[in-house]
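Source file: work-v3.cif. Holds: mmCIF, C-alpha atoms.
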```cif
data_structure
#
loop_
_atom_site.label_atom_id
_atom_site.label_comp_id
_atom_site.auth_asym_id
_atom_site.auth_seq_id
_atom_site.Cartn_x
_atom_site.Cartn_y
_atom_site.Cartn_z
CA MET A 1428 89.33 104.30 121.12
CA LYS A 1429 92.40 106.47 120.95
CA ILE A 1430 93.38 108.27 117.76
CA LEU A 1431 96.99 109.35 117.15
CA TYR A 1432 97.93 112.04 114.65
CA PHE A 1433 101.40 112.67 113.23
CA ALA A 1434 103.37 115.33 111.31
CA TRP A 1435 101.37 118.03 109.50
CA LEU A 1436 98.10 116.34 110.37
CA ARG A 1437 98.96 116.70 114.09
CA GLU A 1438 99.96 120.34 113.54
CA ARG A 1439 96.83 121.24 111.59
CA LEU A 1440 94.62 119.65 114.25
CA ASP A 1441 96.74 121.10 117.07
CA ARG A 1442 96.60 117.76 118.92
CA GLY A 1443 98.64 114.57 118.82
CA GLU A 1444 95.95 112.29 120.19
CA GLU A 1445 92.36 112.16 121.34
CA GLU A 1446 89.85 109.70 122.76
CA VAL A 1447 86.76 109.21 120.63
CA SER A 1448 83.62 107.06 120.77
CA PRO A 1449 82.29 106.84 117.24
CA PRO A 1450 78.73 105.56 116.72
CA SER A 1451 78.18 101.99 115.55
CA ASP A 1452 77.62 102.95 111.92
CA VAL A 1453 81.26 104.13 111.73
CA LYS A 1454 82.72 100.79 110.67
CA THR A 1455 85.87 101.46 108.63
CA VAL A 1456 88.86 103.81 108.67
CA ALA A 1457 87.21 105.72 105.80
CA ASP A 1458 84.01 106.04 107.88
CA LEU A 1459 86.08 107.24 110.85
CA ILE A 1460 87.79 109.95 108.80
CA GLY A 1461 84.41 111.05 107.47
CA TRP A 1462 82.93 111.13 110.97
CA LEU A 1463 85.88 113.11 112.38
CA ARG A 1464 85.55 115.63 109.53
CA ALA A 1465 81.79 115.98 109.96
CA GLY A 1466 82.15 116.82 113.64
CA ASP A 1467 84.90 119.43 113.48
CA PRO A 1468 85.58 122.15 110.87
CA VAL A 1469 89.32 122.08 111.69
CA ALA A 1470 89.44 118.31 111.09
CA ASP A 1471 87.35 118.77 107.94
CA LEU A 1472 89.97 121.15 106.55
CA ALA A 1473 92.97 119.12 107.79
CA MET A 1474 91.67 115.95 106.11
CA GLN A 1475 90.22 117.54 102.99
CA ARG A 1476 92.26 115.09 100.88
CA PRO A 1477 91.53 111.85 102.75
CA GLU A 1478 93.08 109.78 99.96
CA ILE A 1479 96.58 110.88 100.97
CA ILE A 1480 96.11 110.02 104.65
CA ARG A 1481 97.60 106.72 105.77
CA ALA A 1482 96.24 104.67 108.66
CA ALA A 1483 97.39 102.09 111.18
CA ILE A 1484 95.33 100.08 113.63
CA ASP A 1485 97.16 98.91 116.75
CA ALA A 1486 100.55 99.57 115.11
CA LYS A 1487 99.77 97.79 111.85
CA ILE A 1488 99.29 99.65 108.55
CA VAL A 1489 95.82 99.15 107.10
CA PRO A 1490 93.82 100.35 104.07
CA HIS A 1491 90.91 102.77 104.50
CA SER A 1492 88.55 99.82 104.05
CA ALA A 1493 89.80 98.18 107.27
CA LEU A 1494 87.24 97.65 110.03
CA ILE A 1495 87.87 99.59 113.24
CA ALA A 1496 85.77 97.35 115.53
CA GLY A 1497 87.89 96.29 118.50
CA ALA A 1498 90.72 98.73 117.71
CA ARG A 1499 92.48 100.26 120.70
CA ILE A 1500 94.61 102.77 118.79
CA VAL A 1501 93.98 104.15 115.31
CA ALA A 1502 96.81 106.29 113.90
CA LEU A 1503 96.28 108.74 111.03
CA PHE A 1504 99.25 110.33 109.29
CA PRO A 1505 100.61 111.76 106.03
CA PRO A 1506 102.75 109.71 103.62
CA MET A 1507 105.95 108.63 105.37
CA THR A 1508 109.34 110.22 104.69
CA GLY A 1509 111.78 107.90 106.43
CA GLY A 1510 115.30 106.85 105.57
CA MET B 663 118.45 90.89 112.65
CA ALA B 664 118.37 94.04 114.69
CA ILE B 665 116.46 97.31 114.72
CA ARG B 666 117.38 100.37 116.74
CA ILE B 667 115.13 103.42 116.82
CA ILE B 668 117.07 106.05 118.75
CA THR B 669 117.27 109.79 119.39
CA GLU B 670 120.99 110.11 120.22
CA THR B 671 123.63 110.24 117.52
CA PHE B 672 125.73 107.20 116.63
CA ASP B 673 129.22 106.50 115.32
CA PRO B 674 128.82 104.89 111.87
CA GLY B 675 132.28 103.32 111.93
CA ALA B 676 131.90 101.89 115.41
CA GLU B 677 128.51 100.46 114.42
CA LEU B 678 130.05 98.79 111.38
CA ASN B 679 132.89 97.33 113.45
CA ALA B 680 130.41 95.96 115.97
CA PHE B 681 128.29 94.50 113.16
CA MET B 682 131.40 92.82 111.70
CA ALA B 683 132.48 91.30 115.00
CA GLU B 684 130.47 88.18 114.12
CA THR B 685 130.73 87.38 110.43
CA ALA B 686 130.19 83.62 110.56
CA GLY B 687 132.27 83.04 107.45
CA ALA B 688 130.46 85.64 105.33
CA GLY B 689 132.22 87.14 102.33
CA ALA B 690 130.52 90.55 102.10
CA VAL B 691 129.25 93.42 104.19
CA ALA B 692 127.45 96.42 102.71
CA THR B 693 126.82 99.57 104.72
CA PHE B 694 124.77 102.63 103.85
CA THR B 695 124.69 105.71 106.06
CA GLY B 696 122.17 108.48 105.37
CA LEU B 697 123.16 111.99 106.50
CA VAL B 698 121.27 115.22 107.09
CA ARG B 699 121.70 117.04 103.77
CA SER B 700 122.04 120.81 103.54
CA ASP B 701 122.35 122.44 100.15
CA PRO B 702 125.01 125.20 100.37
CA VAL B 703 122.78 127.43 98.21
CA ASP B 704 119.65 126.82 100.32
CA PRO B 705 120.96 125.60 103.68
CA ILE B 706 118.86 124.19 106.50
CA THR B 707 119.59 124.72 110.19
CA THR B 708 118.00 121.51 111.51
CA LEU B 709 116.07 118.46 110.39
CA THR B 710 113.48 117.15 112.83
CA LEU B 711 112.18 113.62 112.41
CA GLU B 712 108.88 112.70 114.00
CA CYS B 713 108.36 108.99 114.65
CA TYR B 714 105.67 106.50 115.62
CA PRO B 715 108.02 104.09 117.43
CA GLU B 716 105.66 101.10 117.86
CA LEU B 717 104.79 101.15 114.16
CA ALA B 718 108.45 101.74 113.21
CA VAL B 719 109.51 98.57 115.00
CA SER B 720 106.82 96.46 113.32
CA GLN B 721 107.31 98.00 109.86
CA ILE B 722 111.12 97.84 109.87
CA GLY B 723 110.98 94.33 111.32
CA ALA B 724 108.84 93.21 108.40
CA ILE B 725 111.08 94.97 105.86
CA GLU B 726 114.19 93.38 107.38
CA ALA B 727 112.65 89.92 107.42
CA GLU B 728 111.71 90.29 103.76
CA ALA B 729 115.23 91.47 102.83
CA VAL B 730 116.85 88.57 104.67
CA ALA B 731 114.56 86.02 103.00
CA ARG B 732 114.69 87.54 99.53
CA PHE B 733 118.46 88.04 99.24
CA GLY B 734 119.59 85.24 101.52
CA LEU B 735 121.24 87.65 103.92
CA MET B 736 122.99 86.17 106.91
CA ARG B 737 122.16 89.22 109.01
CA ALA B 738 120.85 92.77 108.71
CA THR B 739 120.77 95.74 111.05
CA VAL B 740 118.84 99.01 110.73
CA ILE B 741 119.60 102.03 112.91
CA HIS B 742 117.19 104.97 112.50
CA ARG B 743 117.17 108.20 114.47
CA TYR B 744 114.42 110.65 115.25
CA GLY B 745 114.37 114.02 117.01
CA THR B 746 116.19 117.17 115.96
CA LEU B 747 119.38 116.69 113.93
CA ARG B 748 121.91 119.07 112.40
CA PRO B 749 123.42 118.99 108.89
CA GLY B 750 126.05 116.29 108.48
CA GLU B 751 124.74 114.11 111.31
CA PRO B 752 123.85 110.50 110.53
CA ILE B 753 120.09 109.75 110.30
CA VAL B 754 120.04 106.12 109.27
CA GLN B 755 122.41 103.21 108.75
CA VAL B 756 121.70 99.84 107.20
CA MET B 757 124.19 96.99 107.28
CA THR B 758 123.87 93.66 105.54
CA LEU B 759 125.97 90.52 105.83
CA ALA B 760 125.97 87.96 103.04
CA SER B 761 128.05 85.29 101.37
CA HIS B 762 128.63 87.42 98.26
CA ARG B 763 128.62 91.12 97.38
CA GLN B 764 125.52 91.23 95.17
CA ALA B 765 123.25 90.02 97.94
CA ALA B 766 124.82 92.46 100.41
CA PHE B 767 124.45 95.43 98.00
CA ASP B 768 120.91 94.49 96.92
CA GLY B 769 119.78 93.85 100.49
CA ALA B 770 121.03 97.24 101.66
CA GLN B 771 119.42 99.05 98.72
CA PHE B 772 116.13 97.20 99.18
CA LEU B 773 116.12 98.14 102.87
CA MET B 774 116.73 101.81 102.12
CA ASP B 775 114.14 101.95 99.32
CA TYR B 776 111.50 100.51 101.66
CA LEU B 777 112.51 102.65 104.64
CA LYS B 778 111.92 105.78 102.54
CA THR B 779 108.25 105.01 101.95
CA ASP B 780 107.20 102.45 104.56
CA ALA B 781 108.93 103.48 107.82
CA PRO B 782 106.79 105.84 109.92
CA PHE B 783 109.05 108.86 110.12
CA TRP B 784 108.19 112.37 108.98
CA LYS B 785 110.90 114.94 108.24
CA LYS B 786 110.60 118.66 108.86
CA GLU B 787 113.32 121.05 107.75
CA ALA B 788 114.04 124.30 109.56
CA ALA B 789 115.77 126.98 107.49
CA PRO B 790 116.41 130.69 108.04
CA GLY B 791 113.22 131.38 106.07
CA GLY B 792 110.99 129.09 108.15
CA GLU B 793 109.98 125.46 108.56
CA ARG B 794 108.62 123.01 106.01
CA TRP B 795 107.57 119.37 106.02
CA VAL B 796 109.54 117.30 103.53
CA GLU B 797 107.14 116.02 100.91
CA HIS B 798 106.79 112.38 100.03
CA SER B 799 108.78 111.80 96.83
CA ALA B 800 107.40 110.09 93.73
CA GLY B 801 111.01 109.08 93.00
CA ASP B 802 111.06 107.13 96.26
CA ASP B 803 107.86 105.32 95.19
CA ARG B 804 109.52 104.41 91.88
CA ALA B 805 112.68 103.21 93.66
CA LYS B 806 110.56 100.88 95.79
CA ALA B 807 108.40 99.73 92.86
CA ARG B 808 111.35 98.26 90.96
CA TRP B 809 111.66 95.54 93.64
CA ARG B 810 108.15 94.23 92.95
#
```
As structure tokens, what does this structure read like?
Amino acid sequence: MKILYFAWLRERLDRGEEEVSPPSDVKTVADLIGWLRAGDPVADLAMQRPEIIRAAIDAKIVPHSALIAGARIVALFPPMTGG
Amino acid sequence: MAIRIITETFDPGAELNAFMAETAGAGAVATFTGLVRSDPVDPITTLTLECYPELAVSQIGAIEAEAVARFGLMRATVIHRYGTLRPGEPIVQVMTLASHRQAAFDGAQFLMDYLKTDAPFWKKEAAPGGERWVEHSAGDDRAKARWR
């Protein structure tokens, strides 16, 4: 599965995307964020307030409770500032 | 309905004229153009917008469809730029076509209020003193909430 990062999350992680293979007990977006943080001190710091991070699965916005099974692309990003 | 996510600048007047080429008997067009703001007291040099284009198309498409259905718009167009822009340049333009003015005004305002919080763009200002990400505004959340 590919993960995309945007804005300050991308800058803090120093990468815009990465391929990951989370274990089977990582079922939701919240689980995925927790797993990413557990495996990398930089990610742990970058996502220290997971509640403000928004997520999309295959270009559709989802809540942190969404299941990631079958997802091709998961995007994680700060609150949007469009317009 | 139309959505354009672009990096190059655009001519707001020419876009409006093109939008009005087919009015199908409508009585009202509303246009809003958002510009790169620079406070004379605390000026910025550039505004860079980061974008997730695939999500922008799906999000703005859904917002447009909702605006058309809710206000009975005959047509709506959203143009949104990303990349590095200078003060005074246009960032975004929404145009709505309706039978009467209230629907055109409301549709344009609804579109802008939703674009602020639900369109996947992230703004970063560069100023003489450094760069900063523009923070998500609680006022924008309130502006969107009044449509619920």
How far is it from atom CA of Pro1477 of chain A to atom CA of Tyr714 of chain B, in Å with one decimal?
19.9 Å
Which distance in Å separates atom CA of Thr739 of chain B and atom CA of Thr708 of chain B, to one decimal?
25.9 Å
Residues within 6 Å of segment 1488-1499 of chain A, please, as a PDB file with C-alpha atoms, in the frame of the given file. Count only C-alpha atoms; anything in the same chain fewer than 6 positions from it doesn't count.
```pdb
ATOM      1  CA  MET A1428      89.330 104.300 121.120  1.00  0.00           C
ATOM      2  CA  LYS A1454      82.720 100.790 110.670  1.00  0.00           C
ATOM      3  CA  THR A1455      85.870 101.460 108.630  1.00  0.00           C
ATOM      4  CA  VAL A1456      88.860 103.810 108.670  1.00  0.00           C
ATOM      5  CA  ALA A1457      87.210 105.720 105.800  1.00  0.00           C
ATOM      6  CA  ALA A1482      96.240 104.670 108.660  1.00  0.00           C
TER       7      ALA A1482
END
```
Residue by residue, what does the PyMOL selection byres ((chain B) within 12 of (chain A)) grab here? Present the result as a count of residues only.
60
Selection dump of the PyMOL selection byres ((chain A and resi 1469) around 12), as a ChimeraX atom specification
/A:1436-1442,1463-1468,1470-1475
